[in-house]
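Participant: I'm passing along target26.cif; it holds mmCIF, C-alpha atoms.
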```
data_entry
#
loop_
_atom_site.label_atom_id
_atom_site.label_comp_id
_atom_site.auth_asym_id
_atom_site.auth_seq_id
_atom_site.Cartn_x
_atom_site.Cartn_y
_atom_site.Cartn_z
CA MET H 1 10.81 47.54 -18.98
CA ARG H 2 9.61 45.00 -21.54
CA ALA H 3 10.38 41.29 -21.11
CA ASP H 4 12.56 41.34 -24.23
CA GLU H 5 14.77 43.94 -22.52
CA LEU H 6 15.25 41.86 -19.40
CA PHE H 7 18.50 40.10 -20.29
CA ASP H 8 20.13 43.35 -21.34
CA ALA H 9 19.26 44.79 -17.93
CA LEU H 10 20.55 41.71 -16.13
CA PHE H 11 23.91 41.67 -17.89
CA LYS H 12 24.25 45.43 -17.52
CA ASN H 13 24.09 44.89 -13.75
CA GLN H 14 26.30 41.81 -13.63
CA ASP H 15 28.73 41.66 -10.71
CA GLU H 16 31.34 38.97 -11.39
CA ALA H 17 32.59 38.74 -7.79
CA TYR H 18 29.01 38.31 -6.60
CA ARG H 19 28.42 35.72 -9.32
CA GLN H 20 31.37 33.65 -8.12
CA MET H 21 30.04 33.77 -4.58
CA GLN H 22 26.62 32.60 -5.75
CA ILE H 23 28.17 29.76 -7.73
CA ARG H 24 29.80 28.55 -4.51
CA LEU H 25 26.56 28.92 -2.54
CA LEU H 26 24.43 27.16 -5.17
CA PRO H 27 26.50 24.11 -6.10
CA ASN H 28 23.59 22.11 -7.44
CA ILE H 29 22.71 24.44 -10.33
CA ALA H 30 24.72 25.01 -13.49
CA PRO H 31 27.14 27.96 -13.16
CA ASP H 32 26.30 29.20 -16.63
CA THR H 33 22.71 29.85 -15.50
CA ILE H 34 23.90 32.36 -12.89
CA ILE H 35 24.51 35.90 -14.17
CA GLY H 36 25.42 37.49 -10.85
CA VAL H 37 22.97 40.31 -10.11
CA ARG H 38 22.41 41.51 -6.57
CA THR H 39 19.00 41.18 -4.93
CA PRO H 40 18.12 44.91 -4.64
CA VAL H 41 18.76 45.29 -8.37
CA LEU H 42 16.56 42.29 -9.15
CA ARG H 43 13.78 43.77 -7.01
CA GLY H 44 14.07 47.00 -8.97
CA ILE H 45 13.87 45.16 -12.27
CA ALA H 46 10.78 43.27 -11.07
CA LYS H 47 9.06 46.56 -10.26
CA GLU H 48 9.85 47.95 -13.71
CA LEU H 49 8.71 44.89 -15.66
CA GLU H 50 5.67 45.88 -17.72
CA ASP H 51 4.33 42.56 -18.96
CA SER H 52 4.70 40.60 -15.72
CA ALA H 53 1.76 38.30 -16.52
CA CYS H 54 3.51 37.04 -19.65
CA PHE H 55 6.75 36.64 -17.74
CA LEU H 56 5.08 34.52 -15.04
CA LYS H 57 3.65 32.22 -17.71
CA ALA H 58 7.03 31.75 -19.43
CA LEU H 59 8.22 28.68 -17.54
CA PRO H 60 10.81 27.31 -17.24
CA HIS H 61 13.05 30.34 -17.06
CA GLY H 62 16.57 30.21 -18.41
CA CYS H 63 18.58 31.60 -15.51
CA PHE H 64 18.65 31.88 -11.74
CA GLU H 65 17.94 35.60 -11.78
CA GLU H 66 14.72 35.11 -13.73
CA ASN H 67 13.54 32.72 -11.04
CA GLN H 68 14.33 35.31 -8.39
CA ILE H 69 12.38 37.96 -10.31
CA HIS H 70 9.51 35.48 -10.52
CA CYS H 71 9.53 35.32 -6.70
CA PHE H 72 9.54 39.10 -6.36
CA LEU H 73 6.58 39.43 -8.71
CA LEU H 74 4.53 36.88 -6.75
CA GLU H 75 5.58 38.50 -3.49
CA ARG H 76 3.65 41.68 -4.34
CA GLU H 77 0.46 40.05 -5.64
CA LYS H 78 -2.58 40.51 -3.38
CA ASP H 79 -4.96 37.91 -4.83
CA PHE H 80 -4.45 34.78 -2.72
CA GLU H 81 -6.04 32.35 -5.17
CA PHE H 82 -3.99 33.73 -8.04
CA VAL H 83 -0.77 33.47 -6.04
CA ILE H 84 -1.51 29.89 -4.99
CA SER H 85 -2.22 28.96 -8.60
CA GLU H 86 1.03 30.55 -9.76
CA ILE H 87 3.07 28.94 -6.99
CA GLU H 88 1.69 25.54 -7.91
CA ARG H 89 2.89 26.18 -11.46
CA PHE H 90 6.27 27.49 -10.33
CA LEU H 91 7.31 25.01 -7.64
CA PRO H 92 8.20 22.19 -10.06
CA TYR H 93 10.86 24.47 -11.54
CA VAL H 94 12.39 25.58 -8.24
CA ASP H 95 15.79 23.87 -8.13
CA ASN H 96 17.75 25.59 -5.36
CA TRP H 97 17.41 26.75 -1.77
CA ALA H 98 17.81 30.46 -2.54
CA THR H 99 14.83 30.66 -4.90
CA CYS H 100 12.81 28.43 -2.58
CA ASP H 101 13.47 30.65 0.44
CA GLN H 102 12.95 33.87 -1.51
CA LEU H 103 9.36 32.91 -2.33
CA ARG H 104 7.50 34.73 0.46
CA PRO H 105 4.14 36.08 -0.81
CA ARG H 106 2.84 38.86 1.42
CA CYS H 107 -0.79 37.88 0.88
CA PHE H 108 -0.23 34.69 2.88
CA ARG H 109 -0.23 36.71 6.09
CA LYS H 110 -3.94 37.50 5.80
CA ASN H 111 -4.95 34.09 4.44
CA ARG H 112 -3.32 31.65 6.85
CA GLU H 113 -6.41 29.47 7.32
CA ALA H 114 -6.72 28.99 3.56
CA LEU H 115 -2.94 28.50 3.27
CA LEU H 116 -2.64 25.62 5.73
CA PRO H 117 -4.09 22.86 3.48
CA TYR H 118 -1.57 23.80 0.80
CA ILE H 119 1.27 23.69 3.32
CA ARG H 120 0.20 20.16 4.27
CA LYS H 121 0.14 19.22 0.60
CA TRP H 122 3.58 20.69 -0.09
CA ILE H 123 5.18 19.00 2.91
CA ALA H 124 3.73 15.66 1.75
CA SER H 125 5.35 16.09 -1.68
CA GLU H 126 8.24 13.98 -2.94
CA GLU H 127 9.99 17.01 -4.46
CA PRO H 128 12.68 18.37 -2.12
CA TYR H 129 12.18 22.06 -2.77
CA THR H 130 8.42 21.76 -2.57
CA ILE H 131 8.85 20.12 0.84
CA ARG H 132 11.33 22.80 1.88
CA PHE H 133 8.93 25.53 0.76
CA GLY H 134 6.06 23.97 2.72
CA ILE H 135 8.10 23.71 5.91
CA GLY H 136 9.36 27.24 5.40
CA MET H 137 5.83 28.58 5.11
CA LEU H 138 4.84 26.65 8.24
CA MET H 139 7.78 28.22 10.07
CA VAL H 140 7.00 31.75 8.89
CA HIS H 141 3.24 31.72 9.42
CA PHE H 142 2.40 29.17 12.13
CA LEU H 143 4.90 29.55 14.95
CA GLY H 144 3.43 32.87 16.09
CA ASP H 145 -0.11 34.21 16.14
CA ASP H 146 -1.69 31.17 14.46
CA TYR H 147 0.38 28.63 16.35
CA ASP H 148 -0.98 25.13 16.95
CA LYS H 149 1.37 22.68 18.61
CA THR H 150 0.01 19.76 16.58
CA LEU H 151 1.54 21.34 13.48
CA LEU H 152 5.01 20.49 14.81
CA GLU H 153 4.22 16.95 13.73
CA LEU H 154 4.31 17.92 10.05
CA PRO H 155 8.06 18.56 9.74
CA ALA H 156 8.82 15.92 12.37
CA GLY H 157 7.13 13.37 10.12
CA VAL H 158 9.31 14.15 7.09
CA HIS H 159 12.00 11.56 6.41
CA SER H 160 14.34 12.63 3.66
CA GLU H 161 17.99 12.22 2.74
CA GLU H 162 17.94 15.53 0.85
CA TYR H 163 20.35 17.95 2.51
CA TYR H 164 18.25 21.06 1.90
CA VAL H 165 15.13 19.39 3.29
CA ARG H 166 16.99 18.26 6.40
CA MET H 167 18.45 21.71 6.91
CA MET H 168 14.98 23.25 6.73
CA ILE H 169 13.63 20.82 9.31
CA ALA H 170 16.49 21.81 11.63
CA TRP H 171 15.83 25.49 10.93
CA PHE H 172 12.14 24.99 11.68
CA PHE H 173 12.75 23.31 15.03
CA ALA H 174 15.43 25.81 16.04
CA THR H 175 12.88 28.55 15.37
CA ALA H 176 10.24 26.59 17.29
CA LEU H 177 12.65 26.38 20.23
CA ALA H 178 12.97 30.16 20.10
CA LYS H 179 9.23 30.83 19.86
CA GLN H 180 7.48 27.81 21.42
CA TYR H 181 10.16 26.27 23.60
CA ASP H 182 7.99 24.15 25.89
CA ASP H 183 6.24 22.42 23.01
CA ALA H 184 9.34 22.04 20.82
CA LEU H 185 11.69 20.74 23.52
CA PRO H 186 10.11 17.24 23.72
CA TYR H 187 11.08 16.67 20.09
CA ILE H 188 14.67 16.99 21.32
CA THR H 189 14.42 15.22 24.68
CA ALA H 190 12.49 12.28 23.18
CA HIS H 191 14.83 12.07 20.15
CA ARG H 192 11.96 12.52 17.71
CA LEU H 193 14.32 13.78 14.99
CA ASP H 194 17.08 11.79 13.35
CA LYS H 195 20.56 12.31 14.78
CA TRP H 196 21.87 14.76 12.17
CA ILE H 197 18.75 16.95 12.25
CA HIS H 198 18.64 16.71 16.06
CA ASN H 199 22.20 17.99 16.43
CA LYS H 200 21.82 20.61 13.71
CA THR H 201 18.67 21.92 15.43
CA ILE H 202 20.56 22.32 18.68
CA GLN H 203 23.46 24.01 16.89
CA LYS H 204 21.14 26.51 15.20
CA ALA H 205 19.26 27.17 18.43
CA VAL H 206 22.48 27.78 20.35
CA GLU H 207 23.66 30.18 17.63
CA SER H 208 20.34 32.06 17.63
CA ASP H 209 19.90 35.41 19.37
CA ARG H 210 16.25 34.52 19.96
CA VAL H 211 16.92 31.56 22.27
CA THR H 212 17.53 32.47 25.90
CA PRO H 213 20.91 31.70 27.53
CA GLU H 214 19.13 29.41 30.00
CA HIS H 215 17.55 27.40 27.19
CA LYS H 216 20.86 27.23 25.32
CA ARG H 217 22.59 25.77 28.38
CA ALA H 218 19.88 23.13 28.63
CA LEU H 219 19.96 22.27 24.94
CA VAL H 220 23.70 21.59 24.71
CA ASN H 221 23.21 18.71 27.14
CA TYR H 222 21.00 16.95 24.60
CA ARG H 223 23.57 16.76 21.81
CA LEU H 224 23.95 13.23 20.51
CA LYS H 225 27.37 11.67 19.94
#
```
Now, as a test, write the supplied structure out as structure tokens.

Facilitator:
Amino acid sequence: MRADELFDALFKNQDEAYRQMQIRLLPNIAPDTIIGVRTPVLRGIAKELEDSACFLKALPHGCFEENQIHCFLLEREKDFEFVISEIERFLPYVDNWATCDQLRPRCFRKNREALLPYIRKWIASEEPYTIRFGIGMLMVHFLGDDYDKTLLELPAGVHSEEYYVRMMIAWFFATALAKQYDDALPYITAHRLDKWIHNKTIQKAVESDRVTPEHKRALVNYRLK
């Protein structure tokens, strides 16, 4: 599929009911930039796109679905330095949580040491979706095999009034409570997070299947009123 055929393919696969749902889930972006194409279809279109290099350079894109395709193209790239360069170009145009969270390059798994300085940089940004992306990458790649408890300080040190940043911090610490409970718990018991994030973290942890019943019973006692 050529880039000039992309919009025809998108509108051919438009699902109006799905579009209306996305409009409700993405209230901060203009409804007329959402076509309403389901994710598996977008992944298929990304695989068929012939001139992907030209598409990646064509920023900003005109619709939400193009941004999602951009994520799927970067997801498959194997060259770490190329992906980092392209993400640095793309992040300023990321304007919603769905695109931010969809950006999960596979090559990061084998390049975590090289990735960490960029995560620190992204979390230190003033742009909400760049911060969210950085915390998300820390959550995905550094709460397991390459875990270092000092890295918990990075999201704990973020102070933002942006809803989608605060939600990601809560998501991060709920995941940390599932994977690294002993190190994450003091951030709750010592009230290291602001009240809203603190309570949202506990809520997410209690709702998680990965947190043990014993830990859930302990956590509910730390809710702040």

Participant: Might you pull out every residue within 10 Å of H:His159, with only C-alpha atoms counted and same-chain residues fewer than 5 positions away left off, and present them as a PyMOL selection string?

Facilitator: chain H and resi 165-166+169+193-194

Participant: Let me see the file: selected residues, C-alpha atoms, as an mmCIF file, in the coordinates of the input.

Facilitator:
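What landed in result-v6.cif:
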```
data_model
loop_
_atom_site.group_PDB
_atom_site.id
_atom_site.type_symbol
_atom_site.label_atom_id
_atom_site.label_comp_id
_atom_site.auth_asym_id
_atom_site.auth_seq_id
_atom_site.Cartn_x
_atom_site.Cartn_y
_atom_site.Cartn_z
ATOM 1 C CA VAL H 165 15.130 19.390 3.290
ATOM 2 C CA ARG H 166 16.990 18.260 6.400
ATOM 3 C CA ILE H 169 13.630 20.820 9.310
ATOM 4 C CA LEU H 193 14.320 13.780 14.990
ATOM 5 C CA ASP H 194 17.080 11.790 13.350
#
```

Participant: Let me know the residues the PyMOL selection byres ((chain H and resi 17) around 12) catches in the file above, as a PDB file with C-alpha atoms, in the coordinates of the input.

Facilitator:
```
ATOM      1  CA  GLN H  14      26.300  41.810 -13.630  1.00  0.00           C
ATOM      2  CA  ASP H  15      28.730  41.660 -10.710  1.00  0.00           C
ATOM      3  CA  GLU H  16      31.340  38.970 -11.390  1.00  0.00           C
ATOM      4  CA  TYR H  18      29.010  38.310  -6.600  1.00  0.00           C
ATOM      5  CA  ARG H  19      28.420  35.720  -9.320  1.00  0.00           C
ATOM      6  CA  GLN H  20      31.370  33.650  -8.120  1.00  0.00           C
ATOM      7  CA  MET H  21      30.040  33.770  -4.580  1.00  0.00           C
ATOM      8  CA  GLN H  22      26.620  32.600  -5.750  1.00  0.00           C
ATOM      9  CA  ILE H  23      28.170  29.760  -7.730  1.00  0.00           C
ATOM     10  CA  ARG H  24      29.800  28.550  -4.510  1.00  0.00           C
ATOM     11  CA  ILE H  34      23.900  32.360 -12.890  1.00  0.00           C
ATOM     12  CA  ILE H  35      24.510  35.900 -14.170  1.00  0.00           C
ATOM     13  CA  GLY H  36      25.420  37.490 -10.850  1.00  0.00           C
ATOM     14  CA  VAL H  37      22.970  40.310 -10.110  1.00  0.00           C
ATOM     15  CA  ARG H  38      22.410  41.510  -6.570  1.00  0.00           C
TER      16      ARG H  38
END
```

Participant: Taking all atoms listed in the file into account, name the residue in H:Gly157, H:Pro117, H:Pro27, H:Gly144 that is nearest to H:Thr175.

Facilitator: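 Residue with the minimum atom-to-atom distance to H:Thr175: H:Gly144.
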
Participant: Give me, as a list in words, all polymer residues having an atom no more than 12 Å from H:Lys78, counting only C-alpha atoms and skipping those fewer than 3 positions away in the same chain.

Facilitator: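 In the requested format, the answer is Leu73, Leu74, Glu75, Glu81, Phe82, Val83, Ile84, Pro105, Arg106, Cys107, Phe108, Arg109, Lys110 and Asn111 of chain H.
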
Participant: As a check of understanding, name the residues that the PyMOL selection byres ((chain H and resi 43) around 12) selects in the supplied structure, as a list in words.

Facilitator: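 On this input, the PyMOL selection byres ((chain H and resi 43) around 12) captures Leu10, Val37, Arg38, Thr39, Pro40, Val41, Leu42, Gly44, Ile45, Ala46, Lys47, Glu48, Leu49, Glu65, Glu66, Asn67, Gln68, Ile69, His70, Cys71, Phe72, Leu73, Leu74, Glu75, Arg76 and Gln102 of chain H.
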
Participant: Taking only residues of stretch 56-148 of chain H that have an atom at most 9 Å from an atom of stretch 176-190 of chain H, what is each one's shortest atom pair and its distance in Å to one decimal, using only C-alpha atoms, in chain and number order, as CSV?

Facilitator:
```
residue,atom,partner,partner_atom,distance
H:Met139,CA,H:Ala176,CA,7.8
H:Leu143,CA,H:Ala176,CA,6.5
H:Gly144,CA,H:Lys179,CA,7.2
H:Tyr147,CA,H:Gln180,CA,8.8
```

Participant: From the list H:Ala98, H:Met168, H:Leu56, H:Ala9, which residue is nearest H:Asn28 when using all atoms listed in the file?

Facilitator: H:Ala98

Participant: Of the candidates H:Ala30, H:Leu154, H:Met137, H:Val220, which shows the shortest atom-to-atom distance to H:Thr201, using all atoms listed in the file?

Facilitator: H:Val220

Participant: If you measure from atom CA of H:Phe7 to atom CA of H:Phe64, what distance in Å do you get, rounded to one decimal?

Facilitator: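 Between these atoms lies a distance of 11.9 Å.
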
Participant: Point out the residue among H:Leu115, H:Val158, H:Ile29, H:Ala218 with the least atom-to-atom distance to H:Ile87, counting all atoms listed in the file.

Facilitator: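 Distance minimum relative to H:Ile87 lands on H:Leu115.
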
Participant: Using atom CA of H:Ile131 and atom CA of H:Leu59 as the two end points, give the distance in Å to one decimal.

Facilitator: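 Between atom CA of H:Ile131 and atom CA of H:Leu59 the gap works out to 20.3 Å.
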
Participant: Smallest atom-to-atom distance to H:Arg223: which of H:Gln203, H:Glu126, H:Ala156, H:Lys12, using all atoms listed in the file?

Facilitator: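 Of H:Gln203, H:Glu126, H:Ala156, H:Lys12, the one nearest H:Arg223, counting all atoms listed in the file, is H:Gln203.
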
Participant: What is the atom CA of H:Gly62 to atom CA of H:Thr33 distance in Å?

Facilitator: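 Spanning atom CA of H:Gly62 to atom CA of H:Thr33 is a straight-line distance of 6.8 Å.
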
Participant: Return as JSON the centre and edge lengths, in Å with one decimal, of the box along x, y and z that encloses every atom of stretch 181-191 of chain H in the file, padded by 4 Å per side.

Facilitator:
```
{"center_x": 10.5, "center_y": 19.2, "center_z": 23.0, "size_x": 16.6, "size_y": 22.2, "size_z": 13.8}
```

Participant: Find the residue from H:Lys149, H:Arg104, H:Lys200, H:His191 that sits nearest to H:Phe133; use all atoms listed in the file when measuring.

Facilitator: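 When distances to H:Phe133 are compared using all atoms listed in the file, the smallest one comes from H:Arg104.
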
Participant: The residues within 9 Å of (7.5, 17.2, 1.1), using only C-alpha atoms and the coordinates of the file, should be reported as a list in words; which are they?

Facilitator: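 Answer for this query, in the requested form: Arg120, Lys121, Trp122, Ile123, Ala124, Ser125, Glu126, Glu127, Pro128, Tyr129, Thr130, Ile131, Arg132, Phe133, Gly134, Ile135, Pro155, Val158, His159, Ser160 and Val165 of chain H.
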